[in-house]
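Dumped query12.pdb below, it's PDB, C-alpha atoms, pLDDT in the B column:
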ATOM      1  CA  MET S   1     -37.106  10.140 -13.666  1.00 58.00           C
ATOM      2  CA  LYS S   2     -40.549   9.913 -12.102  1.00 64.00           C
ATOM      3  CA  GLN S   3     -40.468   6.134 -12.584  1.00 69.00           C
ATOM      4  CA  PHE S   4     -37.146   5.929 -10.663  1.00 65.00           C
ATOM      5  CA  SER S   5     -38.614   7.949  -7.792  1.00 71.00           C
ATOM      6  CA  SER S   6     -41.616   5.623  -7.622  1.00 75.00           C
ATOM      7  CA  LEU S   7     -39.331   2.580  -7.607  1.00 76.00           C
ATOM      8  CA  CYS S   8     -37.300   4.038  -4.723  1.00 74.00           C
ATOM      9  CA  LYS S   9     -40.488   4.628  -2.742  1.00 76.00           C
ATOM     10  CA  VAL S  10     -41.635   1.051  -3.329  1.00 73.00           C
ATOM     11  CA  ILE S  11     -38.258  -0.359  -2.238  1.00 76.00           C
ATOM     12  CA  ALA S  12     -38.153   1.863   0.848  1.00 69.00           C
ATOM     13  CA  THR S  13     -41.708   0.868   1.790  1.00 68.00           C
ATOM     14  CA  LEU S  14     -40.853  -2.793   1.303  1.00 62.00           C
ATOM     15  CA  LEU S  15     -37.739  -2.578   3.507  1.00 59.00           C
ATOM     16  CA  ILE S  16     -39.574  -0.725   6.265  1.00 58.00           C
ATOM     17  CA  SER S  17     -42.387  -3.290   6.113  1.00 56.00           C
ATOM     18  CA  ILE S  18     -39.917  -6.145   6.504  1.00 55.00           C
ATOM     19  CA  PHE S  19     -38.487  -4.542   9.640  1.00 52.00           C
ATOM     20  CA  LEU S  20     -41.952  -3.894  11.039  1.00 52.00           C
ATOM     21  CA  VAL S  21     -43.304  -7.420  10.500  1.00 51.00           C
ATOM     22  CA  THR S  22     -40.209  -9.331  11.612  1.00 56.00           C
ATOM     23  CA  GLY S  23     -37.744  -9.009  14.429  1.00 55.00           C
ATOM     24  CA  CYS S  24     -34.137  -7.897  14.106  1.00 56.00           C
ATOM     25  CA  GLY S  25     -32.845 -11.209  15.437  1.00 50.00           C
ATOM     26  CA  LEU S  26     -34.842 -13.097  12.836  1.00 57.00           C
ATOM     27  CA  ILE S  27     -33.613 -10.836  10.025  1.00 60.00           C
ATOM     28  CA  PHE S  28     -29.922 -10.688  10.931  1.00 60.00           C
ATOM     29  CA  HIS S  29     -29.390 -14.025  12.660  1.00 66.00           C
ATOM     30  CA  GLY S  30     -32.185 -16.454  11.902  1.00 71.00           C
ATOM     31  CA  THR S  31     -33.285 -19.297  14.148  1.00 81.00           C
ATOM     32  CA  LYS S  32     -30.384 -21.734  13.689  1.00 89.00           C
ATOM     33  CA  ASP S  33     -26.656 -21.746  14.419  1.00 90.00           C
ATOM     34  CA  PRO S  34     -23.980 -23.888  12.780  1.00 94.00           C
ATOM     35  CA  VAL S  35     -22.085 -26.071  15.261  1.00 97.00           C
ATOM     36  CA  ASN S  36     -18.980 -28.100  14.408  1.00 98.00           C
ATOM     37  CA  PHE S  37     -18.230 -31.336  16.246  1.00 98.00           C
ATOM     38  CA  THR S  38     -14.685 -32.705  16.323  1.00 97.00           C
ATOM     39  CA  SER S  39     -13.061 -35.397  18.415  1.00 97.00           C
ATOM     40  CA  GLU S  40      -9.871 -37.108  19.412  1.00 96.00           C
ATOM     41  CA  PRO S  41      -9.834 -39.834  18.224  1.00 96.00           C
ATOM     42  CA  GLU S  42     -11.689 -39.067  15.000  1.00 95.00           C
ATOM     43  CA  LYS S  43     -14.769 -40.940  13.781  1.00 97.00           C
ATOM     44  CA  CYS S  44     -16.588 -40.762  17.120  1.00 97.00           C
ATOM     45  CA  GLN S  45     -20.352 -41.096  17.038  1.00 98.00           C
ATOM     46  CA  VAL S  46     -22.212 -37.894  17.919  1.00 98.00           C
ATOM     47  CA  TYR S  47     -25.568 -38.106  19.696  1.00 98.00           C
ATOM     48  CA  ILE S  48     -27.727 -35.038  20.247  1.00 98.00           C
ATOM     49  CA  ASN S  49     -30.397 -35.485  22.927  1.00 98.00           C
ATOM     50  CA  GLY S  50     -29.951 -39.244  22.557  1.00 97.00           C
ATOM     51  CA  ILE S  51     -30.348 -39.311  18.757  1.00 98.00           C
ATOM     52  CA  PHE S  52     -27.447 -40.408  16.548  1.00 98.00           C
ATOM     53  CA  MET S  53     -26.522 -37.528  14.224  1.00 98.00           C
ATOM     54  CA  GLY S  54     -23.318 -38.740  12.511  1.00 98.00           C
ATOM     55  CA  THR S  55     -19.599 -39.194  13.114  1.00 98.00           C
ATOM     56  CA  THR S  56     -16.880 -36.624  13.612  1.00 97.00           C
ATOM     57  CA  PRO S  57     -15.921 -34.383  12.015  1.00 97.00           C
ATOM     58  CA  LEU S  58     -19.499 -33.146  11.688  1.00 97.00           C
ATOM     59  CA  MET S  59     -21.300 -29.837  11.179  1.00 98.00           C
ATOM     60  CA  LEU S  60     -24.968 -29.426  12.114  1.00 98.00           C
ATOM     61  CA  GLU S  61     -27.435 -26.529  12.009  1.00 96.00           C
ATOM     62  CA  LEU S  62     -29.145 -26.502  15.406  1.00 96.00           C
ATOM     63  CA  LYS S  63     -32.062 -24.379  16.600  1.00 92.00           C
ATOM     64  CA  SER S  64     -30.758 -21.466  18.636  1.00 91.00           C
ATOM     65  CA  ASN S  65     -33.630 -21.322  21.132  1.00 89.00           C
ATOM     66  CA  LYS S  66     -33.028 -24.841  22.456  1.00 94.00           C
ATOM     67  CA  THR S  67     -30.431 -26.480  24.670  1.00 96.00           C
ATOM     68  CA  TYR S  68     -28.832 -29.796  23.832  1.00 98.00           C
ATOM     69  CA  ILE S  69     -27.065 -32.715  25.470  1.00 98.00           C
ATOM     70  CA  VAL S  70     -24.187 -33.749  23.203  1.00 98.00           C
ATOM     71  CA  GLU S  71     -22.586 -37.149  23.650  1.00 98.00           C
ATOM     72  CA  PHE S  72     -19.479 -38.538  21.947  1.00 98.00           C
ATOM     73  CA  ARG S  73     -19.174 -42.337  21.779  1.00 98.00           C
ATOM     74  CA  LYS S  74     -16.616 -44.753  20.378  1.00 97.00           C
ATOM     75  CA  ASP S  75     -16.009 -48.432  21.133  1.00 96.00           C
ATOM     76  CA  GLY S  76     -13.130 -48.876  23.580  1.00 96.00           C
ATOM     77  CA  TYR S  77     -13.378 -45.263  24.844  1.00 97.00           C
ATOM     78  CA  GLU S  78     -15.245 -43.607  27.693  1.00 97.00           C
ATOM     79  CA  ARG S  79     -18.227 -41.501  26.687  1.00 97.00           C
ATOM     80  CA  LYS S  80     -17.928 -37.730  26.816  1.00 97.00           C
ATOM     81  CA  VAL S  81     -21.038 -35.603  27.498  1.00 97.00           C
ATOM     82  CA  PHE S  82     -21.454 -31.836  27.009  1.00 97.00           C
ATOM     83  CA  ASN S  83     -24.347 -29.453  27.611  1.00 97.00           C
ATOM     84  CA  LEU S  84     -24.812 -27.057  24.709  1.00 97.00           C
ATOM     85  CA  THR S  85     -26.642 -24.032  26.082  1.00 96.00           C
ATOM     86  CA  ASN S  86     -27.919 -20.811  24.568  1.00 93.00           C
ATOM     87  CA  SER S  87     -28.183 -17.188  25.603  1.00 86.00           C
ATOM     88  CA  VAL S  88     -30.133 -14.110  24.610  1.00 82.00           C
ATOM     89  CA  ASN S  89     -28.324 -11.599  22.414  1.00 74.00           C
ATOM     90  CA  GLY S  90     -29.076  -8.230  24.022  1.00 69.00           C
ATOM     91  CA  GLY S  91     -28.300  -6.336  20.812  1.00 66.00           C
ATOM     92  CA  TYR S  92     -31.306  -7.841  19.067  1.00 66.00           C
ATOM     93  CA  ILE S  93     -33.571  -6.941  21.992  1.00 66.00           C
ATOM     94  CA  PHE S  94     -32.313  -3.354  21.888  1.00 67.00           C
ATOM     95  CA  LEU S  95     -33.004  -3.088  18.145  1.00 69.00           C
ATOM     96  CA  ASP S  96     -36.446  -4.661  18.541  1.00 65.00           C
ATOM     97  CA  VAL S  97     -37.381  -2.122  21.231  1.00 65.00           C
ATOM     98  CA  LEU S  98     -36.434   0.683  18.852  1.00 68.00           C
ATOM     99  CA  PHE S  99     -38.844  -0.658  16.211  1.00 67.00           C
ATOM    100  CA  GLY S 100     -41.782  -1.266  18.566  1.00 68.00           C
ATOM    101  CA  LEU S 101     -43.806  -4.067  20.088  1.00 67.00           C
ATOM    102  CA  TRP S 102     -44.299  -6.275  17.020  1.00 68.00           C
ATOM    103  CA  PRO S 103     -40.580  -7.107  16.434  1.00 73.00           C
ATOM    104  CA  ILE S 104     -40.300  -8.021  20.125  1.00 71.00           C
ATOM    105  CA  VAL S 105     -43.207 -10.456  19.786  1.00 72.00           C
ATOM    106  CA  ILE S 106     -41.774 -11.981  16.587  1.00 74.00           C
ATOM    107  CA  ASP S 107     -38.256 -12.517  17.968  1.00 71.00           C
ATOM    108  CA  ALA S 108     -39.591 -13.872  21.262  1.00 72.00           C
ATOM    109  CA  ALA S 109     -41.883 -16.336  19.459  1.00 72.00           C
ATOM    110  CA  THR S 110     -39.368 -17.516  16.849  1.00 76.00           C
ATOM    111  CA  GLY S 111     -36.292 -17.579  19.080  1.00 73.00           C
ATOM    112  CA  GLY S 112     -34.509 -14.998  16.925  1.00 75.00           C
ATOM    113  CA  TRP S 113     -33.020 -13.461  20.092  1.00 79.00           C
ATOM    114  CA  TYR S 114     -31.064 -16.592  20.980  1.00 81.00           C
ATOM    115  CA  THR S 115     -27.621 -17.764  19.954  1.00 87.00           C
ATOM    116  CA  LEU S 116     -25.960 -21.028  20.902  1.00 92.00           C
ATOM    117  CA  ASP S 117     -23.067 -20.525  23.302  1.00 93.00           C
ATOM    118  CA  TYR S 118     -20.589 -22.596  21.271  1.00 93.00           C
ATOM    119  CA  ASP S 119     -19.929 -23.048  17.567  1.00 94.00           C
ATOM    120  CA  LEU S 120     -17.343 -25.809  18.116  1.00 96.00           C
ATOM    121  CA  ILE S 121     -17.524 -28.762  20.480  1.00 96.00           C
ATOM    122  CA  HIS S 122     -14.490 -31.021  20.743  1.00 97.00           C
ATOM    123  CA  GLY S 123     -14.742 -34.403  22.447  1.00 96.00           C
ATOM    124  CA  ASN S 124     -11.427 -35.649  23.799  1.00 95.00           C
ATOM    125  CA  LEU S 125     -12.202 -39.284  24.632  1.00 96.00           C
ATOM    126  CA  GLU S 126     -10.041 -41.395  26.939  1.00 96.00           C
ATOM    127  CA  LEU S 127      -9.462 -45.127  26.651  1.00 94.00           C
ATOM    128  CA  GLU S 128     -11.698 -47.250  28.872  1.00 92.00           C
ATOM    129  CA  LYS S 129     -10.038 -48.509  32.040  1.00 83.00           C
TER     130      LYS S 129
END
Here is a file; write its structure as structure tokens.
Amino acid sequence: MKQFSSLCKVIATLLISIFLVTGCGLIFHGTKDPVNFTSEPEKCQVYINGIFMGTTPLMLELKSNKTYIVEFRKDGYERKVFNLTNSVNGGYIFLDVLFGLWPIVIDAATGGWYTLDYDLIHGNLELEK
């Protein structure tokens, strides 16, 4: 029974240490968000910040602390451009404040506070005139 008690103490210490050396946003959310890209018509080329990433339908893991310019292209169709922005999740800030200064520093440095504003971007392209 004494061995079980020691194991519980070790696990509890380990969990508390994890919370103290990382931020809540980093633990519960991470630093990337999945974003799905669809289009009408299908098989449009998707460019992120000017770099070709694939054709629709497409799912990418993008860093949450950045903003992106998304462009859909297809021969014979007009290009469609979107701004993919992010925002700070106030819940993670609140939890970090409860645990002290270090989690605030970690989440601010890693971008754990941020989430991308959209998880689906649909490009509805029109025929060129």
*Might you spell out which residues the PyMOL selection byres ((chain S and resi 73) around 9) would select in the displayed file, as a count of residues only?*
13
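Here the question is which of S:Ser6, S:Asn124, S:Ser87, S:Thr31 gets nearest to Gly111 in chain S using all atoms listed in the file, and that residue is S:Thr31.
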*For CA of Gly30 in chain S and CA of Leu120 in chain S, determine how far apart the two atoms are, in Å to one decimal place.*
18.6 Å
*Can you tell me how far CA of Ala109 in chain S sits from CA of Asn89 in chain S, in Å to one decimal?*
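Those two atoms sit 14.7 Å apart.
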_Minimum-distance residue to Leu62 in chain S, chosen among S:Val105, S:Tyr114, S:Pro41, S:Phe82 (using only C-alpha atoms)_ = S:Tyr114
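Going from CA of Thr67 in chain S to CA of Ile104 in chain S covers 21.4 Å.
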*For Gly123 in chain S, which of S:Ser5, S:Asn83, S:Ser39, S:Asn49 is the closest residue, counting all atoms listed in the file?*
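Among the listed residues, the smallest separation from Gly123 in chain S belongs to S:Ser39.
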*Counting only C-alpha atoms, figure out which residue out of S:Trp113, S:Lys63, S:Thr55, S:Ile11 gets nearest to Val35 in chain S.*
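The shortest atom-to-atom distance to Val35 in chain S comes from S:Lys63.
Restricting the calculation to all atoms listed in the file, the smallest distance between Thr115 in chain S and any of S:Gly50, S:Gly76, S:Lys32, S:Lys129 is found for S:Lys32.
Put simply, the PyMOL selection byres ((chain S and resi 121) around 7) in this file takes in Asn36, Phe37, Thr38, Tyr118, Asp119, Leu120, His122 and Gly123 of chain S.
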